[in-house]
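To be precise, the following lines are data.pdb, and they hold PDB, C-alpha atoms.
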```
ATOM      1  CA  MET B   1      54.695 117.921  53.402
ATOM      2  CA  VAL B   2      53.653 118.956  49.888
ATOM      3  CA  VAL B   3      57.188 120.163  49.102
ATOM      4  CA  THR B   4      58.715 116.968  50.489
ATOM      5  CA  VAL B   5      56.403 114.717  48.495
ATOM      6  CA  THR B   6      56.963 116.754  45.329
ATOM      7  CA  VAL B   7      60.740 116.620  45.667
ATOM      8  CA  ALA B   8      60.628 112.884  46.409
ATOM      9  CA  ALA B   9      58.413 112.239  43.375
ATOM     10  CA  ALA B  10      60.706 114.274  41.140
ATOM     11  CA  LEU B  11      63.737 112.304  42.344
ATOM     12  CA  VAL B  12      61.967 109.006  41.649
ATOM     13  CA  ASP B  13      61.016 110.174  38.154
ATOM     14  CA  LEU B  14      64.553 111.323  37.380
ATOM     15  CA  THR B  15      66.299 108.189  38.643
ATOM     16  CA  THR B  16      63.934 105.531  37.251
ATOM     17  CA  GLY B  17      63.194 106.790  33.756
ATOM     18  CA  THR B  18      65.422 104.440  31.730
ATOM     19  CA  PRO B  19      63.137 102.001  29.856
ATOM     20  CA  LEU B  20      63.865  98.285  29.617
ATOM     21  CA  PRO B  21      64.190  96.536  26.243
ATOM     22  CA  ARG B  22      61.468  94.222  25.006
ATOM     23  CA  PRO B  23      62.125  90.534  25.680
ATOM     24  CA  ALA B  24      63.939  88.780  22.856
ATOM     25  CA  GLY B  25      62.046  86.483  20.513
ATOM     26  CA  LEU B  26      58.599  88.087  20.559
ATOM     27  CA  THR B  27      56.334  87.357  17.589
ATOM     28  CA  PHE B  28      54.149  90.037  15.997
ATOM     29  CA  VAL B  29      51.418  89.997  13.359
ATOM     30  CA  GLU B  30      49.590  92.829  11.627
ATOM     31  CA  ALA B  31      45.926  92.735  12.705
ATOM     32  CA  ALA B  32      43.837  95.405  10.984
ATOM     33  CA  GLY B  33      46.807  97.749  11.028
ATOM     34  CA  VAL B  34      47.777  97.001  14.630
ATOM     35  CA  HIS B  35      51.273  95.576  15.210
ATOM     36  CA  THR B  36      50.072  92.831  17.533
ATOM     37  CA  ARG B  37      52.176  90.634  19.794
ATOM     38  CA  LEU B  38      51.112  86.989  19.307
ATOM     39  CA  VAL B  39      51.793  83.731  21.176
ATOM     40  CA  ARG B  40      50.908  80.298  19.825
ATOM     41  CA  TRP B  41      50.650  76.837  21.371
ATOM     42  CA  GLY B  42      49.800  73.520  19.665
ATOM     43  CA  GLU B  43      49.655  72.390  16.070
ATOM     44  CA  ARG B  44      46.273  70.787  15.399
ATOM     45  CA  GLY B  45      42.599  70.844  16.276
ATOM     46  CA  THR B  46      39.934  73.521  16.447
ATOM     47  CA  PRO B  47      41.595  76.954  16.665
ATOM     48  CA  ILE B  48      41.088  78.850  19.909
ATOM     49  CA  VAL B  49      41.818  82.550  20.392
ATOM     50  CA  LEU B  50      42.326  83.736  23.979
ATOM     51  CA  VAL B  51      41.616  87.418  24.718
ATOM     52  CA  HIS B  52      42.955  88.790  27.999
ATOM     53  CA  GLY B  53      41.397  91.432  30.207
ATOM     54  CA  PHE B  54      42.302  94.697  31.918
ATOM     55  CA  ALA B  55      46.011  95.122  32.814
ATOM     56  CA  GLU B  56      46.859  91.630  31.516
ATOM     57  CA  ASN B  57      48.807  90.330  28.515
ATOM     58  CA  ALA B  58      48.997  87.214  26.362
ATOM     59  CA  GLN B  59      51.399  85.340  28.621
ATOM     60  CA  VAL B  60      48.870  85.040  31.459
ATOM     61  CA  TRP B  61      47.122  82.384  29.358
ATOM     62  CA  ALA B  62      50.109  80.002  29.425
ATOM     63  CA  PRO B  63      48.726  77.587  32.099
ATOM     64  CA  LEU B  64      45.410  77.150  30.269
ATOM     65  CA  ALA B  65      46.993  77.088  26.806
ATOM     66  CA  THR B  66      49.356  74.311  27.906
ATOM     67  CA  HIS B  67      46.329  72.131  28.694
ATOM     68  CA  LEU B  68      44.456  73.011  25.512
ATOM     69  CA  SER B  69      47.419  72.713  23.128
ATOM     70  CA  VAL B  70      47.379  68.913  23.432
ATOM     71  CA  ASP B  71      44.489  68.770  20.979
ATOM     72  CA  HIS B  72      43.944  72.346  19.791
ATOM     73  CA  VAL B  73      45.942  75.124  18.204
ATOM     74  CA  VAL B  74      45.784  78.021  20.631
ATOM     75  CA  TYR B  75      46.532  81.701  20.065
ATOM     76  CA  ALA B  76      46.811  84.522  22.574
ATOM     77  CA  TYR B  77      47.711  88.109  21.820
ATOM     78  CA  ASP B  78      48.270  91.441  23.527
ATOM     79  CA  VAL B  79      45.104  93.505  23.178
ATOM     80  CA  VAL B  80      45.660  96.979  21.742
ATOM     81  CA  GLY B  81      46.672  99.281  24.579
ATOM     82  CA  TRP B  82      48.184  96.478  26.687
ATOM     83  CA  GLY B  83      51.311  94.354  26.824
ATOM     84  CA  TYR B  84      53.804  94.769  23.997
ATOM     85  CA  THR B  85      51.066  95.832  21.575
ATOM     86  CA  GLY B  86      50.028  98.660  23.851
ATOM     87  CA  GLN B  87      52.651 101.195  22.885
ATOM     88  CA  ALA B  88      50.665 101.949  19.707
ATOM     89  CA  GLY B  89      47.894 103.437  21.837
ATOM     90  CA  GLY B  90      44.251 102.787  21.099
ATOM     91  CA  GLY B  91      42.082 101.027  23.609
ATOM     92  CA  THR B  92      38.437 101.797  22.817
ATOM     93  CA  LYS B  93      35.933  98.999  22.472
ATOM     94  CA  ASP B  94      35.853  99.446  18.702
ATOM     95  CA  ASP B  95      39.670  99.325  18.592
ATOM     96  CA  GLU B  96      39.634  95.988  20.403
ATOM     97  CA  VAL B  97      36.930  94.463  18.227
ATOM     98  CA  THR B  98      38.607  95.644  15.023
ATOM     99  CA  GLN B  99      41.922  94.179  16.166
ATOM    100  CA  LEU B 100      40.375  90.787  16.994
ATOM    101  CA  VAL B 101      38.442  90.501  13.739
ATOM    102  CA  GLY B 102      41.605  91.564  11.911
ATOM    103  CA  LEU B 103      43.639  88.950  13.735
ATOM    104  CA  ILE B 104      41.250  86.173  12.715
ATOM    105  CA  ALA B 105      41.614  87.288   9.100
ATOM    106  CA  ALA B 106      45.401  87.724   9.270
ATOM    107  CA  LEU B 107      45.888  84.211  10.655
ATOM    108  CA  HIS B 108      43.346  82.728   8.194
ATOM    109  CA  LEU B 109      41.521  80.987  11.031
ATOM    110  CA  ASP B 110      38.472  78.873  10.218
ATOM    111  CA  ARG B 111      35.732  79.868  12.689
ATOM    112  CA  PRO B 112      37.841  79.851  15.856
ATOM    113  CA  VAL B 113      36.387  79.605  19.346
ATOM    114  CA  LEU B 114      36.928  82.897  21.179
ATOM    115  CA  VAL B 115      37.542  83.006  24.937
ATOM    116  CA  GLY B 116      37.480  86.443  26.569
ATOM    117  CA  HIS B 117      38.634  86.938  30.154
ATOM    118  CA  SER B 118      37.164  89.757  32.258
ATOM    119  CA  ALA B 119      37.122  92.886  30.050
ATOM    120  CA  GLY B 120      38.116  90.635  27.138
ATOM    121  CA  ALA B 121      34.556  89.298  27.130
ATOM    122  CA  ALA B 122      33.442  92.509  25.432
ATOM    123  CA  ALA B 123      35.996  92.040  22.649
ATOM    124  CA  VAL B 124      34.863  88.495  21.832
ATOM    125  CA  ALA B 125      31.219  89.570  22.027
ATOM    126  CA  GLY B 126      31.895  92.445  19.650
ATOM    127  CA  ALA B 127      33.738  90.200  17.201
ATOM    128  CA  ALA B 128      30.834  87.723  17.141
ATOM    129  CA  LEU B 129      28.319  90.518  16.615
ATOM    130  CA  ARG B 130      30.362  92.178  13.874
ATOM    131  CA  ALA B 131      31.485  89.038  12.011
ATOM    132  CA  PRO B 132      29.279  86.115  13.111
ATOM    133  CA  ASP B 133      30.214  83.979  10.110
ATOM    134  CA  GLU B 134      33.887  84.151  11.132
ATOM    135  CA  VAL B 135      33.390  82.917  14.714
ATOM    136  CA  GLY B 136      32.770  79.330  15.823
ATOM    137  CA  GLY B 137      31.875  79.928  19.475
ATOM    138  CA  VAL B 138      32.171  82.422  22.308
ATOM    139  CA  MET B 139      33.084  82.047  25.986
ATOM    140  CA  PHE B 140      32.874  84.728  28.671
ATOM    141  CA  LEU B 141      35.438  83.805  31.339
ATOM    142  CA  ASP B 142      35.073  85.797  34.569
ATOM    143  CA  GLY B 143      33.515  88.647  32.610
ATOM    144  CA  ASP B 144      30.037  89.933  31.784
ATOM    145  CA  GLY B 145      30.842  92.071  28.733
ATOM    146  CA  LEU B 146      28.822  95.001  30.114
ATOM    147  CA  ASP B 147      29.765  98.660  30.237
ATOM    148  CA  THR B 148      28.569  98.894  33.854
ATOM    149  CA  GLY B 149      30.056  97.715  37.133
ATOM    150  CA  ALA B 150      33.801  97.471  37.746
ATOM    151  CA  GLY B 151      35.667 100.116  35.789
ATOM    152  CA  ALA B 152      32.609 101.998  34.545
ATOM    153  CA  GLY B 153      32.984 105.725  33.909
ATOM    154  CA  ARG B 154      35.829 107.899  32.721
ATOM    155  CA  ARG B 155      38.755 108.723  34.993
ATOM    156  CA  PRO B 156      41.109 111.713  35.110
ATOM    157  CA  ASP B 157      44.089 111.609  32.765
ATOM    158  CA  LEU B 158      46.984 110.952  35.148
ATOM    159  CA  SER B 159      49.549 111.519  32.408
ATOM    160  CA  ARG B 160      48.907 115.281  32.401
ATOM    161  CA  ALA B 161      50.651 117.850  34.574
ATOM    162  CA  PRO B 162      50.651 118.371  37.475
ATOM    163  CA  TRP B 163      49.394 114.881  38.277
ATOM    164  CA  SER B 164      51.932 113.165  36.026
ATOM    165  CA  LEU B 165      54.791 113.994  38.407
ATOM    166  CA  TYR B 166      53.122 112.043  41.215
ATOM    167  CA  SER B 167      51.382 109.328  39.193
ATOM    168  CA  THR B 168      54.574 108.409  37.344
ATOM    169  CA  ALA B 169      56.493 108.111  40.615
ATOM    170  CA  ALA B 170      53.717 106.062  42.204
ATOM    171  CA  LEU B 171      53.531 103.707  39.215
ATOM    172  CA  ARG B 172      57.282 103.140  39.104
ATOM    173  CA  LEU B 173      57.486 102.484  42.827
ATOM    174  CA  ALA B 174      54.568 100.054  42.638
ATOM    175  CA  LEU B 175      56.096  98.157  39.713
ATOM    176  CA  ARG B 176      59.367  97.810  41.587
ATOM    177  CA  SER B 177      57.691  96.381  44.678
ATOM    178  CA  ASP B 178      57.792  92.590  44.524
ATOM    179  CA  ALA B 179      55.710  92.376  47.687
ATOM    180  CA  LEU B 180      52.899  94.555  46.319
ATOM    181  CA  LEU B 181      52.671  92.712  42.999
ATOM    182  CA  LYS B 182      52.679  89.340  44.758
ATOM    183  CA  LYS B 183      49.916  90.475  47.113
ATOM    184  CA  VAL B 184      47.632  91.712  44.328
ATOM    185  CA  TYR B 185      48.295  88.591  42.256
ATOM    186  CA  ALA B 186      47.590  86.240  45.165
ATOM    187  CA  ALA B 187      44.321  88.038  45.945
ATOM    188  CA  GLN B 188      43.050  87.606  42.370
ATOM    189  CA  CYS B 189      44.498  84.163  41.701
ATOM    190  CA  GLY B 190      43.838  82.328  44.950
ATOM    191  CA  PRO B 191      45.545  79.659  47.066
ATOM    192  CA  ASP B 192      45.922  77.180  44.187
ATOM    193  CA  CYS B 193      48.316  79.527  42.369
ATOM    194  CA  ALA B 194      52.029  79.175  42.955
ATOM    195  CA  PRO B 195      53.607  82.390  44.280
ATOM    196  CA  LEU B 196      55.149  84.581  41.610
ATOM    197  CA  ASP B 197      58.862  84.027  41.050
ATOM    198  CA  GLN B 198      61.077  86.563  39.299
ATOM    199  CA  ALA B 199      60.073  85.293  35.860
ATOM    200  CA  GLY B 200      56.410  85.574  36.806
ATOM    201  CA  LEU B 201      56.878  89.094  38.139
ATOM    202  CA  ASP B 202      58.556  90.050  34.868
ATOM    203  CA  VAL B 203      55.520  88.829  32.880
ATOM    204  CA  TRP B 204      53.277  91.262  34.711
ATOM    205  CA  ARG B 205      55.450  94.362  35.024
ATOM    206  CA  ARG B 206      57.898  94.424  32.141
ATOM    207  CA  PRO B 207      55.357  95.650  29.521
ATOM    208  CA  TYR B 208      54.987  98.860  31.528
ATOM    209  CA  ARG B 209      58.730  99.400  31.742
ATOM    210  CA  VAL B 210      59.540  99.273  28.023
ATOM    211  CA  ALA B 211      59.509 102.427  25.908
ATOM    212  CA  GLY B 212      55.969 103.756  25.657
ATOM    213  CA  GLY B 213      54.576 101.355  28.246
ATOM    214  CA  GLU B 214      53.801 103.958  30.877
ATOM    215  CA  ALA B 215      52.050 106.257  28.388
ATOM    216  CA  ALA B 216      49.891 103.395  27.134
ATOM    217  CA  LEU B 217      48.955 102.414  30.687
ATOM    218  CA  PHE B 218      47.963 105.937  31.682
ATOM    219  CA  LYS B 219      45.860 106.237  28.543
ATOM    220  CA  ARG B 220      44.003 103.025  29.375
ATOM    221  CA  LEU B 221      43.540 104.055  32.987
ATOM    222  CA  SER B 222      41.817 107.245  31.837
ATOM    223  CA  GLN B 223      39.244 105.235  29.857
ATOM    224  CA  PRO B 224      36.350 103.071  31.040
ATOM    225  CA  VAL B 225      36.707  99.302  30.843
ATOM    226  CA  SER B 226      35.326  98.103  27.499
ATOM    227  CA  GLY B 227      31.751  96.869  27.490
ATOM    228  CA  PHE B 228      28.331  96.856  25.830
ATOM    229  CA  THR B 229      24.870  97.721  27.046
ATOM    230  CA  ALA B 230      22.585  94.844  28.020
ATOM    231  CA  ASP B 231      20.457  95.455  24.933
ATOM    232  CA  GLN B 232      23.509  95.216  22.683
ATOM    233  CA  LEU B 233      24.756  92.033  24.340
ATOM    234  CA  SER B 234      21.334  90.409  24.133
ATOM    235  CA  ARG B 235      21.797  90.295  20.353
ATOM    236  CA  LEU B 236      24.252  87.452  20.945
ATOM    237  CA  ALA B 237      21.321  85.256  21.957
ATOM    238  CA  GLN B 238      20.001  85.532  18.396
ATOM    239  CA  LEU B 239      23.213  84.200  16.841
ATOM    240  CA  PRO B 240      23.215  80.454  16.051
ATOM    241  CA  LEU B 241      26.654  79.827  17.541
ATOM    242  CA  PRO B 242      27.465  78.077  20.826
ATOM    243  CA  LYS B 243      28.098  80.304  23.820
ATOM    244  CA  ALA B 244      29.387  79.592  27.316
ATOM    245  CA  VAL B 245      29.914  81.482  30.561
ATOM    246  CA  VAL B 246      32.507  80.387  33.134
ATOM    247  CA  PHE B 247      33.221  82.061  36.481
ATOM    248  CA  GLY B 248      35.378  81.278  39.480
ATOM    249  CA  GLN B 249      33.267  80.498  42.525
ATOM    250  CA  ALA B 250      35.164  83.040  44.636
ATOM    251  CA  ASP B 251      35.476  85.772  41.995
ATOM    252  CA  THR B 252      35.017  89.029  43.920
ATOM    253  CA  VAL B 253      35.219  91.344  40.892
ATOM    254  CA  PHE B 254      31.632  90.496  39.942
ATOM    255  CA  SER B 255      28.527  89.735  41.971
ATOM    256  CA  ALA B 256      27.447  86.199  42.757
ATOM    257  CA  THR B 257      24.472  86.590  40.398
ATOM    258  CA  ALA B 258      26.587  87.746  37.423
ATOM    259  CA  PRO B 259      27.299  84.273  35.947
ATOM    260  CA  GLY B 260      23.649  83.245  35.716
ATOM    261  CA  GLU B 261      22.470  86.645  34.534
ATOM    262  CA  THR B 262      25.177  86.790  31.874
ATOM    263  CA  ALA B 263      24.394  83.301  30.568
ATOM    264  CA  ARG B 264      20.698  84.143  30.243
ATOM    265  CA  LEU B 265      21.432  87.486  28.578
ATOM    266  CA  ILE B 266      23.627  86.090  25.800
ATOM    267  CA  GLY B 267      21.730  82.846  25.281
ATOM    268  CA  ALA B 268      24.438  80.570  26.668
ATOM    269  CA  THR B 269      24.062  77.224  28.381
ATOM    270  CA  PRO B 270      23.851  77.459  32.208
ATOM    271  CA  ALA B 271      26.966  79.075  33.623
ATOM    272  CA  THR B 272      29.834  76.862  34.736
ATOM    273  CA  ILE B 273      31.122  77.700  38.220
ATOM    274  CA  VAL B 274      34.703  76.643  38.939
ATOM    275  CA  PRO B 275      34.997  75.524  42.592
ATOM    276  CA  GLY B 276      37.537  77.591  44.511
ATOM    277  CA  GLY B 277      38.369  79.735  41.497
ATOM    278  CA  ARG B 278      38.897  83.456  41.846
ATOM    279  CA  HIS B 279      39.184  86.054  39.088
ATOM    280  CA  LEU B 280      42.237  84.541  37.371
ATOM    281  CA  THR B 281      40.687  81.116  36.851
ATOM    282  CA  MET B 282      42.789  80.428  33.746
ATOM    283  CA  VAL B 283      45.858  80.607  35.988
ATOM    284  CA  GLY B 284      44.559  79.137  39.247
ATOM    285  CA  GLU B 285      42.249  76.437  37.831
ATOM    286  CA  PRO B 286      43.436  75.812  34.248
ATOM    287  CA  ALA B 287      42.399  72.150  34.096
ATOM    288  CA  ALA B 288      38.798  72.928  35.031
ATOM    289  CA  VAL B 289      38.612  75.822  32.571
ATOM    290  CA  ALA B 290      40.130  73.625  29.849
ATOM    291  CA  VAL B 291      37.287  71.118  30.292
ATOM    292  CA  ALA B 292      34.747  73.891  29.699
ATOM    293  CA  VAL B 293      36.618  75.232  26.665
ATOM    294  CA  ARG B 294      36.857  71.757  25.126
ATOM    295  CA  GLU B 295      33.132  71.259  25.627
ATOM    296  CA  LEU B 296      32.462  74.538  23.806
ATOM    297  CA  CYS B 297      34.829  73.491  20.988
ATOM    298  CA  ALA B 298      32.951  70.206  20.611
ATOM    299  CA  ARG B 299      29.672  72.085  20.254
ATOM    300  CA  ALA B 300      31.262  74.442  17.746
ATOM    301  CA  GLU B 301      32.555  71.527  15.673
ATOM    302  CA  ALA B 302      29.107  69.917  15.685
ATOM    303  CA  ALA B 303      27.288  73.114  14.713
TER     304      ALA B 303
END
```
Let me see whether you can do it: turn the structure in this file into structure tokens.
Amino acid sequence: MVVTVTVAAALVDLTTGTPLPRPAGLTFVEAAGVHTRLVRWGERGTPIVLVHGFAENAQVWAPLATHLSVDHVVYAYDVVGWGYTGQAGGGTKDDEVTQLVGLIAALHLDRPVLVGHSAGAAAVAGAALRAPDEVGGVMFLDGDGLDTGAGAGRRPDLSRAPWSLYSTAALRLALRSDALLKKVYAAQCGPDCAPLDQAGLDVWRRPYRVAGGEAALFKRLSQPVSGFTADQLSRLAQLPLPKAVVFGQADTVFSATAPGETARLIGATPATIVPGGRHLTMVGEPAAVAVAVRELCARAEAA
């Protein structure tokens, strides 16, 4: 059995190793030395910067950004280590915070509102703590910003031999399985999300199939999900900027008590719970999330 599996894995690795090209027309900006993929929607209003979470990329924000771009200028980017930025490596919490603060400076944004999804909550928290005068407001969306819970701890480096033979084959087979990707997406997005079509599947898997994508993914998988200690996050409560916490009602990544506990910890208004929302609320319930983001922007403008 071991010989059979090893031979099969080697054949998969040999026959699926040709990388795909990046999509045409991508936009990049230099953010603190990181060649960062950037997407923009809208032309006016309070600037909003959307920071994605683990295994995501900027394009997952499109449903929410479409709502917000009516009266705001909205930016989303690929966090270092993910998407089309990820091939440069990186991926520590400090890397992510430095990139975000650098992006705000590179785009000359005037106190933007930062929205961090899942693991992205730590990046927006870190940016507010490091450069509070440069941030207008902070939202944790389906994320608690902590270094505990889902993803805590360091994992083995699957890019090293002998595991790389098997992990590479497993990754490539998984990425080529439409059924598997659709199942995982549906579980995290919920019944209000339209099933992934081929264009949607490409958004999620293509970054890992371009040159360097696999190496960046394995590096991130060997690291803990970014986060702060509770004591570090509690410093947010001392900052005189508006803060908000929004969670999907059916989010299974975090406990049912996480929204309220997170809001109290960072000094936010009572947490907003999106009815029926799961972990990908910005995709499944974009209109409801947009209401919460606009309310935070209004408080930031009044501050």
Return the single residue from B:Phe28, B:Trp61, B:Phe247, B:Trp82 that is closest to Arg205 (chain B), with distances computed using all atoms listed in the file.
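Closest to Arg205 (chain B), using all atoms listed in the file: B:Trp82.
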Provide the CA of Pro275 (chain B) to CA of Leu141 (chain B) distance in Å, to one decimal place.
14.0 Å
So, with only C-alpha atoms as the atoms that count, which of B:Leu280, B:Ala179, B:Val39, B:Ile273 lies closest to Val253 (chain B)?
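Nearest to Val253 (chain B): B:Leu280.
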Please list, as a list in words, the residues that have an atom at most 9 Å away from (42.4, 82.0, 46.6) in the coordinates of this file, counting all atoms listed in the file.
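Here is the list of nearby residues: Ala186, Ala187, Gln188, Cys189, Gly190, Pro191, Asp192, Cys193, Ala250, Gly276, Gly277, Arg278 and Gly284 of chain B.
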Based on the selection just made, write C-alpha atoms of those residues as a compact mmCIF listing (two decimals), in the frame of the given file.
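What landed in out23.txt:
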```
# COMPACT_ATOMS: atom_id res chain seq x y z
CA ALA B 186 47.59 86.24 45.16
CA ALA B 187 44.32 88.04 45.94
CA GLN B 188 43.05 87.61 42.37
CA CYS B 189 44.50 84.16 41.70
CA GLY B 190 43.84 82.33 44.95
CA PRO B 191 45.54 79.66 47.07
CA ASP B 192 45.92 77.18 44.19
CA CYS B 193 48.32 79.53 42.37
CA ALA B 250 35.16 83.04 44.64
CA GLY B 276 37.54 77.59 44.51
CA GLY B 277 38.37 79.74 41.50
CA ARG B 278 38.90 83.46 41.85
CA GLY B 284 44.56 79.14 39.25
```
Report, in Å to a single decimal, how far apart CA of Pro132 (chain B) and CA of Leu241 (chain B) are.
8.1 Å
Can you measure CA of Ala128 (chain B) to CA of Tyr84 (chain B) for me? One decimal in Å is fine.
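Between CA of Ala128 (chain B) and CA of Tyr84 (chain B) the gap works out to 25.0 Å.
You can rank B:Arg37, B:Lys93, B:Arg294, B:Lys182 by their closest distance to Pro224 (chain B) using all atoms listed in the file, and at the top of that list sits B:Lys93.
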Hey, which of B:Ser164, B:Gln59, B:Thr148, B:Thr98 ends up closest to Ala119 (chain B)? Count all atoms listed in the file.
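Answer, going by the shortest atom-to-atom distance: B:Thr148.
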Any chance you could work out the residue set of the PyMOL selection byres ((chain B and resi 40) around 7) here, as a PyMOL selection string?
chain B and resi 38-39+41-42+74-76
Can you pull out the residues contacting Leu296 (chain B)? Cut-off 8 Å, using only C-alpha atoms, and skip same-chain residues under 4 positions away; I want them as an NGL selection string.
:B and (113 or 137 or 139 or 242-244 or 292 or 300)
Since the input is missing atoms for region 122-137 of chain B, could you rebuild it with N, CA, C and O atoms and give the result as a PDB file, keeping the file's coordinate frame?
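To be explicit, this is the file written out as selection.pdb:
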```
ATOM      1  N   ALA B 122      34.053  91.546  26.344  1.00  0.00           N
ATOM      2  CA  ALA B 122      33.442  92.509  25.432  1.00  0.00           C
ATOM      3  C   ALA B 122      34.040  92.401  24.040  1.00  0.00           C
ATOM      4  O   ALA B 122      33.332  92.541  23.031  1.00  0.00           O
ATOM      5  N   ALA B 123      35.352  92.150  23.957  1.00  0.00           N
ATOM      6  CA  ALA B 123      35.996  92.040  22.649  1.00  0.00           C
ATOM      7  C   ALA B 123      35.478  90.829  21.877  1.00  0.00           C
ATOM      8  O   ALA B 123      35.192  90.923  20.673  1.00  0.00           O
ATOM      9  N   VAL B 124      35.338  89.681  22.542  1.00  0.00           N
ATOM     10  CA  VAL B 124      34.863  88.495  21.832  1.00  0.00           C
ATOM     11  C   VAL B 124      33.385  88.643  21.477  1.00  0.00           C
ATOM     12  O   VAL B 124      32.943  88.182  20.415  1.00  0.00           O
ATOM     13  N   ALA B 125      32.620  89.315  22.352  1.00  0.00           N
ATOM     14  CA  ALA B 125      31.219  89.570  22.027  1.00  0.00           C
ATOM     15  C   ALA B 125      31.115  90.467  20.806  1.00  0.00           C
ATOM     16  O   ALA B 125      30.323  90.212  19.882  1.00  0.00           O
ATOM     17  N   GLY B 126      31.926  91.522  20.776  1.00  0.00           N
ATOM     18  CA  GLY B 126      31.895  92.445  19.650  1.00  0.00           C
ATOM     19  C   GLY B 126      32.307  91.786  18.348  1.00  0.00           C
ATOM     20  O   GLY B 126      31.732  92.074  17.285  1.00  0.00           O
ATOM     21  N   ALA B 127      33.303  90.899  18.408  1.00  0.00           N
ATOM     22  CA  ALA B 127      33.738  90.200  17.201  1.00  0.00           C
ATOM     23  C   ALA B 127      32.625  89.296  16.673  1.00  0.00           C
ATOM     24  O   ALA B 127      32.393  89.217  15.457  1.00  0.00           O
ATOM     25  N   ALA B 128      31.926  88.605  17.568  1.00  0.00           N
ATOM     26  CA  ALA B 128      30.834  87.723  17.141  1.00  0.00           C
ATOM     27  C   ALA B 128      29.685  88.523  16.546  1.00  0.00           C
ATOM     28  O   ALA B 128      29.064  88.102  15.561  1.00  0.00           O
ATOM     29  N   LEU B 129      29.405  89.685  17.135  1.00  0.00           N
ATOM     30  CA  LEU B 129      28.319  90.518  16.615  1.00  0.00           C
ATOM     31  C   LEU B 129      28.684  91.150  15.275  1.00  0.00           C
ATOM     32  O   LEU B 129      27.834  91.289  14.394  1.00  0.00           O
ATOM     33  N   ARG B 130      29.941  91.518  15.111  1.00  0.00           N
ATOM     34  CA  ARG B 130      30.362  92.178  13.874  1.00  0.00           C
ATOM     35  C   ARG B 130      30.582  91.179  12.743  1.00  0.00           C
ATOM     36  O   ARG B 130      30.270  91.471  11.579  1.00  0.00           O
ATOM     37  N   ALA B 131      31.144  90.016  13.058  1.00  0.00           N
ATOM     38  CA  ALA B 131      31.485  89.038  12.011  1.00  0.00           C
ATOM     39  C   ALA B 131      31.049  87.639  12.436  1.00  0.00           C
ATOM     40  O   ALA B 131      31.876  86.760  12.659  1.00  0.00           O
ATOM     41  N   PRO B 132      29.749  87.404  12.586  1.00  0.00           N
ATOM     42  CA  PRO B 132      29.279  86.115  13.111  1.00  0.00           C
ATOM     43  C   PRO B 132      29.671  84.918  12.263  1.00  0.00           C
ATOM     44  O   PRO B 132      29.860  83.814  12.797  1.00  0.00           O
ATOM     45  N   ASP B 133      29.836  85.099  10.972  1.00  0.00           N
ATOM     46  CA  ASP B 133      30.214  83.979  10.110  1.00  0.00           C
ATOM     47  C   ASP B 133      31.682  83.580  10.283  1.00  0.00           C
ATOM     48  O   ASP B 133      32.084  82.520   9.792  1.00  0.00           O
ATOM     49  N   GLU B 134      32.465  84.434  10.944  1.00  0.00           N
ATOM     50  CA  GLU B 134      33.887  84.151  11.132  1.00  0.00           C
ATOM     51  C   GLU B 134      34.202  83.553  12.496  1.00  0.00           C
ATOM     52  O   GLU B 134      35.354  83.269  12.783  1.00  0.00           O
ATOM     53  N   VAL B 135      33.185  83.360  13.336  1.00  0.00           N
ATOM     54  CA  VAL B 135      33.390  82.917  14.714  1.00  0.00           C
ATOM     55  C   VAL B 135      32.669  81.590  14.947  1.00  0.00           C
ATOM     56  O   VAL B 135      31.506  81.435  14.565  1.00  0.00           O
ATOM     57  N   GLY B 136      33.368  80.644  15.576  1.00  0.00           N
ATOM     58  CA  GLY B 136      32.770  79.330  15.823  1.00  0.00           C
ATOM     59  C   GLY B 136      32.060  79.223  17.151  1.00  0.00           C
ATOM     60  O   GLY B 136      31.128  78.425  17.310  1.00  0.00           O
ATOM     61  N   GLY B 137      32.479  79.982  18.151  1.00  0.00           N
ATOM     62  CA  GLY B 137      31.875  79.928  19.475  1.00  0.00           C
ATOM     63  C   GLY B 137      32.462  81.011  20.346  1.00  0.00           C
ATOM     64  O   GLY B 137      33.541  81.541  20.056  1.00  0.00           O
TER      65      GLY B 137
END
```
